[in-house]
>>> print(open('run07.csv').read())   # CSV, C-alpha atoms and all ligand atoms
chain,number,residue,atom,x,y,z
A,1,MET,CA,0.0,0.0,0.0
A,2,HIS,CA,1.3,3.4,-0.8
A,3,LYS,CA,0.5,5.9,2.0
A,4,ALA,CA,-0.9,9.3,1.7
A,5,HIS,CA,1.6,12.1,2.1
A,6,HIS,CA,0.4,15.3,3.6
A,7,THR,CA,2.8,18.2,3.7
A,8,GLU,CA,2.3,21.4,5.5
A,9,PRO,CA,0.4,24.0,3.5
A,10,ARG,CA,3.5,25.9,2.3
A,11,ALA,CA,5.4,22.8,1.4
A,12,THR,CA,7.1,22.7,-2.0
A,13,VAL,CA,9.5,20.3,-3.6
A,14,GLY,CA,12.2,19.1,-1.2
A,15,THR,CA,10.3,20.0,2.0
A,16,PRO,CA,8.7,16.8,3.1
A,17,PRO,CA,6.8,16.6,6.3
A,18,GLU,CA,8.7,16.5,9.6
A,19,ASP,CA,7.4,13.0,10.5
A,20,GLU,CA,8.6,11.4,7.3
A,21,THR,CA,11.5,13.5,6.1
A,22,PRO,CA,12.5,11.4,3.2
A,23,PRO,CA,15.5,12.6,1.1
A,24,VAL,CA,14.4,14.0,-2.2
A,25,ALA,CA,15.0,10.8,-4.0
A,26,GLU,CA,12.3,9.2,-1.9
A,27,TRP,CA,9.6,11.1,-3.7
A,28,CYS,CA,9.6,7.7,-5.2
A,29,TRP,CA,8.9,6.2,-1.8
A,30,HIS,CA,5.9,4.2,-2.5
A,31,ALA,CA,6.2,0.5,-2.9
A,32,PRO,CA,5.7,0.2,-6.6
A,33,ARG,CA,2.4,-1.5,-7.4
A,34,SER,CA,2.4,-3.1,-10.7
A,35,ALA,CA,0.8,-0.7,-13.0
A,36,THR,CA,-0.5,-3.0,-15.6
A,37,SER,CA,-2.6,-2.8,-18.7
A,38,GLU,CA,-4.1,-6.2,-17.7
A,39,PRO,CA,-7.0,-6.0,-17.4
A,40,VAL,CA,-7.0,-3.3,-20.1
A,41,SER,CA,-10.1,-1.8,-18.6
A,42,PRO,CA,-11.1,-2.3,-15.0
A,43,ALA,CA,-14.9,-2.7,-14.5
A,44,VAL,CA,-15.3,0.8,-13.1
A,45,ALA,CA,-13.9,2.3,-16.3
A,46,SER,CA,-16.8,0.8,-18.2
A,47,LEU,CA,-19.1,3.1,-16.3
A,48,ILE,CA,-17.5,6.2,-17.7
A,49,GLY,CA,-19.4,8.2,-20.3
A,50,ASN,CA,-22.8,7.5,-21.9
A,51,THR,CA,-24.4,10.0,-19.4
A,52,PRO,CA,-28.0,11.0,-19.8
A,53,LEU,CA,-29.2,14.1,-21.7
A,54,ILE,CA,-32.4,15.4,-20.3
A,55,PRO,CA,-34.6,18.4,-21.0
A,56,LEU,CA,-35.1,21.1,-18.4
A,57,GLN,CA,-38.8,21.5,-17.9
A,58,ARG,CA,-39.6,24.3,-15.4
A,59,VAL,CA,-36.7,26.8,-15.5
A,60,THR,CA,-37.4,27.1,-19.2
A,61,ASP,CA,-41.0,28.5,-18.8
A,62,SER,CA,-40.0,31.8,-20.5
A,63,LEU,CA,-38.6,30.2,-23.6
A,64,ALA,CA,-40.3,30.3,-27.1
A,65,PRO,CA,-42.3,27.1,-27.7
A,66,GLU,CA,-39.8,25.8,-30.3
A,67,VAL,CA,-36.8,26.3,-28.1
A,68,ALA,CA,-35.6,23.5,-25.8
A,69,LEU,CA,-32.7,23.4,-23.3
A,70,TYR,CA,-31.2,20.0,-22.6
A,71,VAL,CA,-28.6,19.2,-20.0
A,72,LYS,CA,-25.9,16.5,-20.0
A,73,LEU,CA,-25.5,15.1,-16.5
A,74,GLU,CA,-21.8,14.4,-16.2
A,75,GLY,CA,-22.1,14.1,-12.4
A,76,LEU,CA,-23.4,10.6,-13.1
A,77,ASN,CA,-20.0,9.3,-14.1
A,78,PRO,CA,-18.5,6.9,-11.5
A,79,GLY,CA,-16.0,9.5,-10.1
A,80,GLY,CA,-18.8,12.0,-10.0
A,81,SER,CA,-17.7,14.3,-12.9
A,82,VAL,CA,-17.0,14.9,-16.5
A,83,LYS,CA,-13.3,14.6,-15.7
A,84,ASP,CA,-13.5,10.8,-15.6
A,85,ARG,CA,-13.5,11.0,-19.4
A,86,PRO,CA,-10.2,12.8,-20.0
A,87,ALA,CA,-8.6,11.1,-17.0
A,88,LEU,CA,-9.4,7.7,-18.6
A,89,PHE,CA,-8.0,8.7,-22.0
A,90,ILE,CA,-4.9,10.2,-20.4
A,91,VAL,CA,-4.3,7.0,-18.4
A,92,ARG,CA,-5.0,4.6,-21.2
A,93,GLN,CA,-2.7,6.5,-23.5
A,94,ALA,CA,0.1,6.6,-20.9
A,95,LEU,CA,-0.3,2.8,-20.2
A,96,GLY,CA,-0.2,2.1,-23.9
A,97,ASN,CA,3.0,4.1,-24.6
A,98,GLU,CA,4.5,2.9,-21.3
A,99,LYS,CA,5.0,6.4,-19.9
A,100,LEU,CA,3.0,5.0,-17.0
A,101,GLY,CA,4.3,1.6,-15.9
A,102,PRO,CA,5.8,-0.3,-13.0
A,103,GLY,CA,7.4,2.0,-10.5
A,104,LYS,CA,5.8,5.1,-11.9
A,105,THR,CA,3.4,7.4,-10.1
A,106,LEU,CA,0.8,9.5,-12.0
A,107,LEU,CA,1.4,13.1,-11.0
A,108,ASP,CA,-0.7,16.2,-11.7
A,109,ALA,CA,-1.9,19.4,-10.3
A,110,THR,CA,-5.6,19.4,-9.5
A,111,SER,CA,-7.7,20.4,-6.5
A,112,GLY,CA,-10.8,18.9,-7.9
A,113,ASN,CA,-12.5,16.6,-10.3
A,114,THR,CA,-9.6,15.5,-12.4
A,115,GLY,CA,-7.7,14.5,-9.2
A,116,ILE,CA,-10.7,12.4,-8.1
A,117,ALA,CA,-10.8,10.8,-11.5
A,118,TYR,CA,-7.1,10.0,-11.5
A,119,ALA,CA,-7.3,8.7,-7.9
A,120,MET,CA,-10.2,6.4,-8.8
A,121,LEU,CA,-8.5,5.1,-11.9
A,122,GLY,CA,-5.2,4.6,-10.0
A,123,ALA,CA,-7.0,2.5,-7.5
A,124,ALA,CA,-8.7,0.4,-10.2
A,125,PHE,CA,-5.7,0.0,-12.5
A,126,GLY,CA,-3.2,-0.4,-9.7
A,127,PHE,CA,-0.8,2.6,-10.1
A,128,PRO,CA,-0.1,5.2,-7.4
A,129,VAL,CA,-1.4,8.8,-7.9
A,130,GLN,CA,0.2,11.9,-6.5
A,131,LEU,CA,-1.6,15.3,-6.7
A,132,THR,CA,-0.5,18.8,-5.9
A,133,LEU,CA,-3.4,21.0,-4.7
A,134,PRO,CA,-3.9,24.3,-2.9
A,135,ALA,CA,-4.0,23.7,0.9
A,136,ASP,CA,-7.4,25.4,1.1
A,137,SER,CA,-9.1,22.8,-1.2
A,138,SER,CA,-12.4,21.9,0.3
A,139,PRO,CA,-12.4,19.2,3.0
A,140,GLU,CA,-15.0,17.2,1.0
A,141,ARG,CA,-12.6,16.8,-1.9
A,142,VAL,CA,-9.6,16.1,0.2
A,143,GLN,CA,-11.5,13.3,1.9
A,144,ILE,CA,-12.6,11.8,-1.4
A,145,LEU,CA,-9.0,11.9,-2.6
A,146,ARG,CA,-7.8,10.2,0.6
A,147,ALA,CA,-10.6,7.6,0.3
A,148,TYR,CA,-9.1,6.5,-3.0
A,149,GLY,CA,-5.6,6.4,-1.5
A,150,ALA,CA,-4.0,9.3,-3.4
A,151,GLN,CA,-0.8,11.0,-2.1
A,152,LEU,CA,-1.4,14.7,-1.6
A,153,VAL,CA,1.1,17.5,-1.7
A,154,PHE,CA,-0.5,20.8,-0.5
A,155,THR,CA,0.7,24.1,-2.0
A,156,ASP,CA,0.3,27.7,-0.9
A,157,PRO,CA,-3.3,28.7,-1.2
A,158,ALA,CA,-2.2,32.2,-2.2
A,159,ASP,CA,-0.7,30.8,-5.4
A,160,ARG,CA,-4.0,29.1,-6.3
A,161,THR,CA,-4.1,26.4,-9.0
A,162,GLU,CA,-1.1,28.0,-10.8
A,163,GLY,CA,1.0,27.4,-7.7
A,164,ALA,CA,-0.1,23.7,-7.6
A,165,ARG,CA,0.8,23.4,-11.4
A,166,ARG,CA,4.2,24.9,-10.7
A,167,VAL,CA,5.0,22.5,-7.9
A,168,ALA,CA,3.9,19.5,-10.1
A,169,GLU,CA,6.1,20.7,-12.9
A,170,GLU,CA,9.1,21.1,-10.5
A,171,LEU,CA,8.5,17.6,-9.1
A,172,ALA,CA,8.2,16.1,-12.6
A,173,ARG,CA,11.4,17.8,-13.8
A,174,ALA,CA,13.4,16.9,-10.7
A,175,HIS,CA,12.3,13.2,-10.6
A,176,PRO,CA,11.6,12.1,-14.2
A,177,ALA,CA,12.1,8.4,-13.3
A,178,CYS,CA,9.4,8.6,-10.6
A,179,PHE,CA,6.6,10.3,-12.3
A,180,PHE,CA,4.3,10.3,-15.3
A,181,HIS,CA,3.2,13.9,-15.4
A,182,ALA,CA,-0.3,13.7,-16.8
A,183,ASP,CA,-0.6,17.5,-17.3
A,184,GLN,CA,-4.3,17.8,-18.0
A,185,TYR,CA,-3.9,21.4,-19.2
A,186,ALA,CA,-1.6,20.5,-22.1
A,187,ASN,CA,-2.3,16.8,-22.7
A,188,PRO,CA,-4.1,16.4,-26.0
A,189,ALA,CA,-5.8,13.2,-24.7
A,190,ASN,CA,-8.0,15.6,-22.6
A,191,SER,CA,-9.9,17.2,-25.5
A,192,LEU,CA,-9.6,14.0,-27.5
A,193,ALA,CA,-11.7,12.2,-24.9
A,194,HIS,CA,-14.5,14.7,-25.7
A,195,THR,CA,-14.1,14.4,-29.4
A,196,VAL,CA,-14.4,10.7,-29.2
A,197,THR,CA,-17.0,10.3,-26.5
A,198,THR,CA,-19.0,13.4,-25.3
A,199,GLY,CA,-19.4,15.0,-28.8
A,200,PRO,CA,-20.8,11.8,-30.5
A,201,GLU,CA,-23.1,11.1,-27.5
A,202,ILE,CA,-24.6,14.6,-27.7
A,203,TRP,CA,-25.0,14.3,-31.5
A,204,ALA,CA,-26.7,10.9,-31.2
A,205,GLN,CA,-28.9,11.9,-28.2
A,206,THR,CA,-30.2,14.9,-30.0
A,207,ALA,CA,-30.5,13.0,-33.3
A,208,GLY,CA,-28.3,15.7,-34.8
A,209,ARG,CA,-30.7,18.5,-33.9
A,210,VAL,CA,-28.4,20.3,-31.4
A,211,THR,CA,-28.0,24.0,-32.5
A,212,HIS,CA,-26.1,25.4,-29.5
A,213,PHE,CA,-23.5,23.8,-27.2
A,214,VAL,CA,-22.8,25.6,-23.9
A,215,ALA,CA,-19.9,24.6,-21.6
A,216,GLY,CA,-17.7,26.1,-18.9
A,217,LEU,CA,-14.0,26.7,-19.7
A,218,GLY,CA,-11.5,25.3,-17.3
A,219,THR,CA,-8.8,23.5,-19.1
A,220,GLY,CA,-10.9,24.1,-22.2
A,221,GLY,CA,-10.8,20.4,-23.0
A,222,THR,CA,-14.6,19.9,-23.0
A,223,MET,CA,-15.3,22.8,-25.3
A,224,THR,CA,-12.5,22.2,-27.7
A,225,GLY,CA,-13.2,18.4,-27.9
A,226,VAL,CA,-17.0,18.5,-28.1
A,227,GLY,CA,-16.9,21.7,-30.3
A,228,ALA,CA,-14.6,20.1,-32.8
A,229,TYR,CA,-16.8,17.1,-33.1
A,230,LEU,CA,-20.1,19.0,-33.4
A,231,ARG,CA,-18.6,21.4,-36.0
A,232,ALA,CA,-17.4,18.5,-38.1
A,233,ARG,CA,-21.0,17.2,-38.1
A,234,ASN,CA,-22.7,20.6,-38.6
A,235,ARG,CA,-20.7,23.7,-39.2
A,236,ASP,CA,-23.6,25.9,-38.1
A,237,VAL,CA,-23.6,24.7,-34.5
A,238,HIS,CA,-23.0,27.6,-32.1
A,239,LEU,CA,-20.4,27.1,-29.5
A,240,VAL,CA,-20.8,29.1,-26.3
A,241,GLY,CA,-18.0,29.2,-23.7
A,242,VAL,CA,-18.7,30.1,-20.1
A,243,GLN,CA,-16.3,32.1,-17.9
A,244,PRO,CA,-16.4,33.6,-14.5
A,245,ASP,CA,-16.8,37.4,-14.7
A,246,GLN,CA,-14.0,38.1,-12.2
A,247,ARG,CA,-10.5,36.7,-11.5
A,248,ARG,CA,-11.5,36.0,-7.9
A,249,HIS,CA,-14.6,33.9,-8.1
A,250,GLY,CA,-16.3,30.9,-6.5
A,251,ILE,CA,-17.1,28.9,-9.6
A,252,SER,CA,-15.0,25.8,-9.0
A,253,GLY,CA,-13.6,24.3,-12.1
A,254,LEU,CA,-13.8,27.4,-14.3
A,255,LYS,CA,-11.0,29.8,-15.2
A,256,TYR,CA,-10.9,33.5,-15.7
A,257,LEU,CA,-8.9,33.1,-18.8
A,258,LYS,CA,-7.5,36.6,-19.1
A,259,ALA,CA,-5.6,36.0,-15.8
A,260,ALA,CA,-4.6,32.4,-16.1
A,261,ASN,CA,-2.1,31.0,-18.6
A,262,PRO,CA,-4.2,30.1,-21.7
A,263,PRO,CA,-4.4,26.3,-21.4
A,264,GLY,CA,-2.8,24.3,-24.2
A,265,ASN,CA,-6.1,22.3,-24.6
A,266,TYR,CA,-8.2,25.3,-25.4
A,267,ASP,CA,-8.8,26.4,-29.0
A,268,PRO,CA,-10.4,29.9,-28.6
A,269,THR,CA,-10.9,30.2,-32.4
A,270,LEU,CA,-13.6,27.5,-32.2
A,271,VAL,CA,-15.9,29.4,-29.9
A,272,ASP,CA,-18.6,31.8,-31.2
A,273,MET,CA,-19.4,33.5,-28.0
A,274,ILE,CA,-18.2,33.8,-24.4
A,275,GLN,CA,-20.8,34.3,-21.7
A,276,MET,CA,-19.5,35.8,-18.5
A,277,VAL,CA,-21.3,34.6,-15.3
A,278,SER,CA,-21.0,35.9,-11.8
A,279,THR,CA,-20.6,33.6,-8.8
A,280,GLU,CA,-23.9,34.8,-7.4
A,281,GLU,CA,-25.7,34.0,-10.7
A,282,ALA,CA,-24.1,30.5,-10.9
A,283,ARG,CA,-25.1,29.7,-7.3
A,284,ALA,CA,-28.6,31.0,-7.8
A,285,ALA,CA,-29.0,28.8,-10.9
A,286,ALA,CA,-27.6,25.7,-9.1
A,287,ARG,CA,-30.1,26.3,-6.3
A,288,GLN,CA,-32.9,26.7,-8.8
A,289,LEU,CA,-32.0,23.5,-10.6
A,290,ALA,CA,-32.2,21.7,-7.2
A,291,ARG,CA,-35.5,23.2,-6.2
A,292,ASP,CA,-37.3,23.5,-9.5
A,293,GLU,CA,-35.9,20.5,-11.5
A,294,GLY,CA,-34.8,18.1,-8.7
A,295,LEU,CA,-31.2,18.3,-10.1
A,296,PHE,CA,-28.5,18.7,-7.4
A,297,VAL,CA,-25.6,19.9,-9.5
A,298,GLY,CA,-22.4,21.8,-8.9
A,299,ILE,CA,-21.8,25.5,-9.2
A,300,SER,CA,-20.2,25.4,-12.6
A,301,SER,CA,-23.3,23.6,-13.7
A,302,GLY,CA,-25.3,26.5,-12.4
A,303,ALA,CA,-23.0,28.8,-14.5
A,304,ALA,CA,-23.6,26.7,-17.6
A,305,VAL,CA,-27.4,26.8,-17.2
A,306,ALA,CA,-27.4,30.5,-16.4
A,307,ALA,CA,-25.5,31.1,-19.7
A,308,ALA,CA,-27.6,28.6,-21.6
A,309,LEU,CA,-30.8,30.3,-20.5
A,310,ARG,CA,-29.5,33.7,-21.8
A,311,VAL,CA,-28.7,32.1,-25.1
A,312,ALA,CA,-32.0,30.2,-25.3
A,313,ARG,CA,-34.1,33.3,-24.4
A,314,ALA,CA,-32.8,35.1,-27.5
A,315,LEU,CA,-33.9,32.3,-29.8
A,316,THR,CA,-37.2,31.6,-31.5
A,317,GLN,CA,-36.1,28.1,-32.5
A,318,GLY,CA,-33.3,25.8,-31.4
A,319,LEU,CA,-32.0,23.0,-29.3
A,320,VAL,CA,-29.5,24.2,-26.7
A,321,VAL,CA,-27.3,21.6,-24.9
A,322,ALA,CA,-25.5,22.6,-21.7
A,323,LEU,CA,-22.9,20.3,-20.2
A,324,LEU,CA,-23.2,20.0,-16.4
A,325,PRO,CA,-19.8,18.9,-15.1
A,326,ASP,CA,-20.6,17.5,-11.7
A,327,GLY,CA,-23.1,17.0,-8.9
A,328,GLY,CA,-23.6,19.2,-5.9
A,329,PHE,CA,-22.3,16.8,-3.3
A,330,LYS,CA,-18.8,18.2,-3.1
A,331,TYR,CA,-20.1,21.7,-2.4
A,332,THR,CA,-22.4,21.0,0.5
A,333,GLY,CA,-20.0,23.0,2.7
A,334,ASP,CA,-21.1,26.2,0.9
A,335,PRO,CA,-23.8,28.0,2.8
A,336,PHE,CA,-25.7,29.4,-0.2
A,337,TRP,CA,-27.8,26.3,-0.7
A,338,ALA,CA,-29.9,27.2,2.2
A,339,GLU,CA,-30.6,30.8,1.1
A,401,LIG,C1,-16.6,21.4,-11.9
A,401,LIG,C2,-16.0,21.7,-13.2
A,401,LIG,N1,-16.7,22.4,-14.1
A,401,LIG,C3,-16.1,22.8,-15.3
A,401,LIG,C4,-14.9,22.3,-15.7
A,401,LIG,C5,-14.3,22.8,-17.0
A,401,LIG,O1,-14.0,21.7,-17.9
A,401,LIG,P1,-12.8,21.8,-18.9
A,401,LIG,O2,-11.6,21.6,-18.0
A,401,LIG,O3,-13.0,20.6,-19.8
A,401,LIG,O4,-12.7,23.1,-19.6
A,401,LIG,C6,-14.2,21.6,-14.8
A,401,LIG,C7,-12.9,21.2,-15.1
A,401,LIG,O5,-12.0,21.3,-14.3
A,401,LIG,C8,-14.8,21.3,-13.5
A,401,LIG,O6,-14.1,20.5,-12.6
>>> encode(input="run07.csv", output="structure tokens", more="lines below")
Ligand SMILES: Cc1ncc(COP(=O)(O)O)c(C=O)c1O
Amino acid sequence: MHKAHHTEPRATVGTPPEDETPPVAEWCWHAPRSATSEPVSPAVASLIGNTPLIPLQRVTDSLAPEVALYVKLEGLNPGGSVKDRPALFIVRQALGNEKLGPGKTLLDATSGNTGIAYAMLGAAFGFPVQLTLPADSSPERVQILRAYGAQLVFTDPADRTEGARRVAEELARAHPACFFHADQYANPANSLAHTVTTGPEIWAQTAGRVTHFVAGLGTGGTMTGVGAYLRARNRDVHLVGVQPDQRRHGISGLKYLKAANPPGNYDPTLVDMIQMVSTEEARAAARQLARDEGLFVGISSGAAVAAALRVARALTQGLVVALLPDGGFKYTGDPFWAE
């Protein structure tokens, strides 16, 4: 069993915790479990994807009769989010080209859903997973990551996700023999997962009638991958990216792209329109989805629906699809649900 490794909040490379103090080389400390491509796909991986697409029925009252808004419920993936898809593609590719193999640990920076997906897949395939994440990541997420047995390296919260990315890059550079650096922001398997799975599902589930696709922008993988597929099927499909309206925001999973490094997985030329959503608007929409539709979804899902409703209200005809990245369970610590 590899054990979880919890550094102090300001810890960076080479400052392991006082109770373990391994020399730097022992960043490879885990007993290597045999990362194996046998079985090629653990049973849990077969549950990833093929999520339901359902119409919203009450929050859509104000829409024209020939306008429908459908939501794709990615929270129903086994790891609880859309990120199971890219994580599975990244892992399969790395096992296939042997970047991930015996003695190697999958490493990436993520405070959220991708980390949970990696941790789940690491447990199922049998390879260790090490994640760098800001020390103020929500206790719910940290507990889920611990449940799957991931090793955690906490980084300075003031440096946010960029700081966690930097630490992961430093670790990967310093110890190339130990780590497969999955790098969800730049790994093309991220958007490829959506071109191969999410896009075709949406096309099939709408019988090709989708006119608008709305998704939040984090790594940009969802929009770039789904967008590329839908455009290839119908060049008139409108692609709407959703962003927080401020650098400091509470919409977990989304990036204020002006401030962050533009992710390698994001193709901004594909998108027709960016909708900016405030944290308050996203929370209000998430609460409304729970109360009026019986859908308990995360805050970025609220942002996607708030943006999709704006788009849908301006139409006289159309089928708008919004992708809802995760469920609300990881966000129950936020007080706004009760407002
Ligand atoms: C909750 C949530 N919403 C939205 C996104 C954005 O997805 P993508 O990274 O594909 O742009 C993410 C991704 O991190 C997420 O975790």
>>> residues_around(input="run07.csv", residues="Arg85 (chain A)", least_positions_apart="4", cutoff="8 Å", atoms="all atoms listed in the file", output="ChimeraX atom specification")
/A:48-49,89,190,193-194,197
>>> atom_distance(input="run07.csv", atom1="CA of Ser81 (chain A)", atom2="CA of Lys255 (chain A)")
17.0 Å
>>> closest_atom_pairs(input="run07.csv", of="chain A", to="ligand LIG 401 (chain A)", cutoff="10 Å", atoms="all atoms listed in the file", output="tab-separated table")
residue	atom	partner	partner_atom	distance
A:Glu74	CA	A:LIG401	N1	9.7
A:Gly75	CA	A:LIG401	C1	9.2
A:Gly80	CA	A:LIG401	C1	9.8
A:Ser81	CA	A:LIG401	O6	7.2
A:Val82	CA	A:LIG401	C8	7.4
A:Lys83	CA	A:LIG401	C7	6.6
A:Arg85	CA	A:LIG401	O3	9.6
A:Pro86	CA	A:LIG401	O3	8.3
A:Thr110	CA	A:LIG401	O5	8.2
A:Ser111	CA	A:LIG401	O6	8.8
A:Gly112	CA	A:LIG401	O6	6.0
A:Asn113	CA	A:LIG401	O6	4.8
A:Thr114	CA	A:LIG401	O5	6.6
A:Gly115	CA	A:LIG401	O6	9.4
A:Ile116	CA	A:LIG401	O6	9.9
A:Gln184	CA	A:LIG401	O2	8.2
A:Tyr185	CA	A:LIG401	O2	7.8
A:Asn190	CA	A:LIG401	O3	7.6
A:Ser191	CA	A:LIG401	O3	7.3
A:Ala193	CA	A:LIG401	O3	9.9
A:His194	CA	A:LIG401	O3	8.5
A:Ala215	CA	A:LIG401	C5	7.5
A:Gly216	CA	A:LIG401	C5	5.1
A:Leu217	CA	A:LIG401	O4	3.8
A:Gly218	CA	A:LIG401	O4	3.4
A:Thr219	CA	A:LIG401	O2	3.6
A:Gly220	CA	A:LIG401	O4	3.3
A:Gly221	CA	A:LIG401	O3	3.9
A:Thr222	CA	A:LIG401	O3	3.6
A:Met223	CA	A:LIG401	O4	6.3
A:Thr224	CA	A:LIG401	O3	8.1
A:Gly225	CA	A:LIG401	O3	8.4
A:Val226	CA	A:LIG401	O3	9.4
A:Gly241	CA	A:LIG401	O4	9.1
A:Val242	CA	A:LIG401	C5	9.1
A:Gln243	CA	A:LIG401	C5	9.6
A:Ile251	CA	A:LIG401	C1	7.9
A:Ser252	CA	A:LIG401	C1	5.5
A:Gly253	CA	A:LIG401	C8	3.5
A:Leu254	CA	A:LIG401	C3	5.2
A:Lys255	CA	A:LIG401	C5	7.9
A:Pro263	CA	A:LIG401	O4	9.1
A:Asn265	CA	A:LIG401	O4	8.3
A:Tyr266	CA	A:LIG401	O4	7.7
A:Val297	CA	A:LIG401	C1	9.4
A:Gly298	CA	A:LIG401	C1	6.5
A:Ile299	CA	A:LIG401	C1	7.2
A:Ser300	CA	A:LIG401	N1	4.8
A:Ser301	CA	A:LIG401	N1	6.7
A:Gly302	CA	A:LIG401	N1	9.7
A:Ala303	CA	A:LIG401	N1	9.0
A:Ala304	CA	A:LIG401	C3	8.8
A:Leu323	CA	A:LIG401	C3	8.7
A:Leu324	CA	A:LIG401	N1	7.3
A:Pro325	CA	A:LIG401	N1	4.8
A:Asp326	CA	A:LIG401	C1	5.6
A:Gly327	CA	A:LIG401	C1	8.4
A:Gly328	CA	A:LIG401	C1	9.5
A:Lys330	CA	A:LIG401	C1	9.6
>>> residues_near_point(input="run07.csv", point="(1.2, 15.4, -12.6)", cutoff="6 Å", atoms="only C-alpha atoms", output="mmCIF file with C-alpha atoms, in the frame of the given file")
data_model
loop_
_atom_site.group_PDB
_atom_site.id
_atom_site.type_symbol
_atom_site.label_atom_id
_atom_site.label_comp_id
_atom_site.auth_asym_id
_atom_site.auth_seq_id
_atom_site.Cartn_x
_atom_site.Cartn_y
_atom_site.Cartn_z
ATOM 1 C CA LEU A 106 0.800 9.500 -12.000
ATOM 2 C CA LEU A 107 1.400 13.100 -11.000
ATOM 3 C CA ASP A 108 -0.700 16.200 -11.700
ATOM 4 C CA ALA A 109 -1.900 19.400 -10.300
ATOM 5 C CA ALA A 168 3.900 19.500 -10.100
ATOM 6 C CA HIS A 181 3.200 13.900 -15.400
ATOM 7 C CA ALA A 182 -0.300 13.700 -16.800
ATOM 8 C CA ASP A 183 -0.600 17.500 -17.300
#
>>> residues_near_point(input="run07.csv", point="(-25.0, 19.4, -37.4)", cutoff="12 Å", atoms="all atoms listed in the file", output="MDAnalysis selection string")
chainID A and resid 199:200 202:204 206:213 227:239 319
>>> closest_residue(input="run07.csv", among="A:Ala158, A:Leu56, A:Val44, A:Ala135", to="Val305 (chain A)", atoms="all atoms listed in the file")
A:Leu56
>>> atom_distance(input="run07.csv", atom1="CA of Gln288 (chain A)", atom2="CA of Val67 (chain A)")
19.7 Å
